[in-house]
Amino acid sequence: MKNIIKKFLFKEKGSVSIYAILIILPIFLLNALFIDTMRIISAERQIENAIDTSLRSTMADYNEKLAAVGLFSYSGDQSKANGDFQKYLDEQFYDAGDLDGALNLSNPGIDTATATFETDRNLVDYDVMRHQILESMKYQAPAQIGEQLFELVNSGLGDFSEDDGKKVENLAESYEELFDLAEKRNKKIDKAKKEIEKYLDMLGEEGELSGIVGPESKDAFDEKIPKDVRWMEGLIFYNDRYHELKEKLEEEDDDDDEETEDEGDDDEDKEDDEEDIEEEIENYENALKGLKSNHLDLFDKFKSIKGTINKEIFGFVVPGSPDNYGPASAKDYNDKIEEIMEEINFDDFELDDKDKEEIEKMKNMVMRDEFFNDIYTNIEELDKQFDTKGGMSEEEALSGSYASYTVYDLVDGFHKVIEEHVDDATNIKNELKSRNSTYNTDYADPIRDHLSVYEDSKALIAEREELEEEEDKADEGIGELWEFLTKGVDNMGKDQDTYNRLEEIVSNYDAVVDNGDVDEEEPSRIQFIKDAFEQFSQFTKFVSDFPESVRNELYINEYIMANYGTSEPYELTRTDAASFMYDTKQAQFITYGHYTAGANYLAFVKDIALVLFVFKMIDLILFEGGFAGPLGILRAVVRAAGDTLIGLKSLTTGDYEYKWKPLKISGRIDMSMPLFLRIFMIMKSFQGEDYNNEKIRRLQGAITLDTDVELDKNPSYIEGTVKGDIDLLFIPALTKILPNNTGKLSGKTYTIKKSKVYSY
């Protein structure tokens with residue numbers, strides 16, 4: 001038994017067959033899986049290709065009106081698209097009857113087929129619109145832009161930066177601001193100066209304080225006491241005589257009591273002498289009464305003038321001082337003048353002798369800190385001396401110590417003691433005289449020097465008449481230029497209905513629109529210059545960044561120019577308004593976005609004027625001497641306005657061309673209206689996404705007005721979905737190991753669902 005088992009288990013016959021079975025079985029399974037997998041893949045590929053072909057065939061029914069302007073959208077409705085898609089799909093697969101007697105290993109059966117539009121994906125969508133325009137223009141735009149634009153960019157304008165324009169703009173605006181600030185400051189200082197001079201008038205050799213004290217020379221006095229004793233010196237000089245006369249009069253009165261009435265003529269002589277004595281005494285006593293009030297009244301004017309001075313120079317702050325001053329004060333205006341002057345680097349400009357002279361006068365317009373510090377400190381000290389709140393008692397006047405008393409106190413004390421204490425009065429008078437000299441030297445003279453410097457600082461403003469003449473010429477130049485720009489304004493509104501329709505279309509497309517009009521009112525000279533330099537900033541950005549940073553927008557602009565461009569005529573004075581009509585200036589509307597007839601063309605021509613004007617200004621001020629001073633700037637405005645007018649006349653009449661030579665570049669650039677418009681379109685593209693979206697919206701409005709096609713109702717984006725199945729031949733369960741998420745197995749049937757998107 002043991003041997004039988006051994007023979008059976010260890011028998012060698014038939015082992016090859018077993019091994020073969022073990023090898024063939026997995027190969028068979030692998031081949032089965034491979035065949036079914038290839039059938040699935042083939043079916044998927046057929047369905048996918050069929051969807052693609054069917055979608056393309058369906059969308060071939062595009063809107064021909066839009067195609068004429070390089071845009072595509074489906075012209076039918078959802079029902080038609082679905083029917084066409086089903087039809088084109090069916091034609092790509094065999095029906096069951098077509099395969100009788102044949103075995104097709106990969107032909108799937110189609111269960112369902114649908115085509116649906118995404119209604120939001122139409123030409124109103126910014127991304128869709130941009131995509132189609134860029135596809136349309138990617139080959140056309142580079143050739144269409146033309147060499148003119150590249151010649152302009154490579155002409156040498158790129159060598160000049162925004163900083164160059166900023167220097168000239170700051171200089172021009174600084175002068176205007178400087179004069180404005182200087183005039184405001186000077187009004188304040190002039191008001192304060194009237195009050196300051198009251199202090200100065202009190203001091204000095206011929207000042208009021210000297211008038212109180214009077215001259216020392218005895219030649220100024222008669223022997224007898226006059227009626228007009230005017231000075232302290234007079235009261236002192238006649239004090240002895242006054243007392244002598246009083247004593248003499250008293251003695252004579254005593255003698256009269258002892259004399260008899262028989263003395264006749266002698267009595268008459270005595271009466272005459274007495275009358276003379278009484279008159280002199282009366283003169284002196286009247287002076288004692290009158291001069292005190294006269295002298296003290298001179299100080300009344302100082303009660304409030306320090307506050308007035310500080311208010312004008314340091315503003316409405318309490319207390320106003322050089323370290324604590326308010327806005328709109330002389331000190332505040334002066335600080336702003338100083339800041340502006342410090343920011344100007346005159347080395348950036350070509351200066352001639354006239355410029356240097358004017359600029360030196362401008363530098364002198366700045367009042368140094370010492371001016372404000374000394375006026376504040378010295379007026380403060382003088383005001384204390386002239387303050388009427390004090391006074392001096394007779395005892396204080398007789399004390400002989402006067403250092404702690406003010407000038408007003410001393411004048412008051414003098415009059416209290418002069419009648420009976422002439423020596424003390426003389427001491428007070430001498431103290432006043434000494435102080436007058438000291439205060440004049442220490443306080444008044446520095447103020448006088450500062451006021452003299454202040455008057456010198458007005459030297460350039462003193463030439464205001466010449467400046468005003470140049471300002472008038474500059475204003476006339478800007479006015480003449482503006483008049484030329486707006487000559488045709490009365491003829492602008494002939495096609496307002498067109499713009500109303502455009503506004504309605506754009507509004508329906510949910511646009512962010514600009515309903516503003518071009519301001520037809522003449523701008524001020526300063527505003528015109530500001531606008532011009534803003535334009536220069538955009539222009540230099542265009543030249544330096546062209547075309548890399550705005551390539552897509554550049555292509556969109558060229559699409560606009562190709563389909564909705566600008567065309568003749570360009571005359572601003574035409575009586576038939578043809579230059580302002582939408583039909584010839586469609587691109588201007590898309591670029592500027594005004595909904596008032598003719599306003600877009602006017603805005604376009606104004607931009608040209610600003611560019612020509614600012615380049616001429618920079619040319620003159622940076623590269624020609626004699627245009628960097630205040631007068632020179634105004635002369636530059638006149639020249640620039642004149643040259644701009646010449647350029648505009650060339651561009652808007654005759655051949656509509658202008659040979660332009662800006663900024664000392666070599667050669668001349670042939671400028672035309674379409675070239676200028678291309679430049680401005682690119683310049684505006686730098687404004688950012690909001691502007692570029694608004695531009696697209698206006699373009700959509702122009703397309704709808706042109707084609708009468710409502711872009712939001714013409715889809716450009718379709719999705720096809722097909723569901724098909726294929727019966728597997730071998731072991732369906734094996735297909736579950738496939739990494740495939742597009743199919744689903746049910747029994748031996750493998751169902752495939754595919755979707756594909758097509759857009760123009």
# chains A, B, ... in the order shown; residues from 1 in each chain; ligands from 1

$ residues_around --residues "Asp583 (chain A)" --least-positions-apart "6" --cutoff "10 Å" --atoms "only C-alpha atoms" --output "number ranges by chain"
A: 495, 498, 564-567

$ residues_around --residues "Glu381 (chain A)" --least-positions-apart "5" --cutoff "10 Å" --atoms "only C-alpha atoms" --output "list in words"
Ile375, Tyr376, Phe386, Tyr439 and Tyr443 of chain A

$ write_last_selection --atoms "N, CA and C atoms" --output "PDB file, in the first residue's frame"
ATOM      1  N   ILE A 375      11.125 140.053  16.601  1.00  0.00           N
ATOM      2  CA  ILE A 375       9.898 140.858  16.696  1.00  0.00           C
ATOM      3  C   ILE A 375       9.109 140.434  17.918  1.00  0.00           C
ATOM      4  N   TYR A 376       8.977 139.119  18.105  1.00  0.00           N
ATOM      5  CA  TYR A 376       8.218 138.648  19.262  1.00  0.00           C
ATOM      6  C   TYR A 376       8.869 139.102  20.568  1.00  0.00           C
ATOM      7  N   PHE A 386       5.734 150.090  28.025  1.00  0.00           N
ATOM      8  CA  PHE A 386       4.699 151.074  27.671  1.00  0.00           C
ATOM      9  C   PHE A 386       3.329 150.705  28.226  1.00  0.00           C
ATOM     10  N   TYR A 439      16.778 151.263  24.638  1.00  0.00           N
ATOM     11  CA  TYR A 439      15.726 150.499  23.972  1.00  0.00           C
ATOM     12  C   TYR A 439      15.778 150.689  22.459  1.00  0.00           C
ATOM     13  N   TYR A 443      16.305 147.158  21.047  1.00  0.00           N
ATOM     14  CA  TYR A 443      15.028 146.581  20.605  1.00  0.00           C
ATOM     15  C   TYR A 443      14.528 147.156  19.276  1.00  0.00           C
TER      16      TYR A 443
END

$ closest_residue --among "A:Lys87, A:Leu572, A:Lys616, A:Pro630" --to "Leu648 (chain A)" --atoms "only C-alpha atoms"
A:Leu572

$ atom_distance --atom1 "CA of Ala609 (chain A)" --atom2 "CA of Lys649 (chain A)"
10.6 Å

$ select_by_dssp --residues "region 456-597 of chain A" --states "helix (DSSP H, G or I)" --output "VMD selection string"
chain A and resid 456 to 457 459 to 462 464 to 485 489 to 508 525 to 545 548 to 563 578 to 580 582 to 584 586 to 592

$ closest_residue --among "A:Lys193, A:Arg525, A:Arg697, A:Arg668" --to "Glu455 (chain A)" --atoms "only C-alpha atoms"
A:Lys193

$ residues_around --residues "Val407 (chain A)" --least-positions-apart "6" --cutoff "12 Å" --atoms "only C-alpha atoms" --output "number ranges by chain"
A: 202-203, 209, 212-213, 295-296, 298-299, 381-392, 413-414, 428-436, 439

$ residues_around --residues "region 171-179 of chain A" --least-positions-apart "5" --cutoff "7 Å" --atoms "only C-alpha atoms" --output "JSON, numbers by chain"
{"A": [337, 340, 344, 630, 633]}
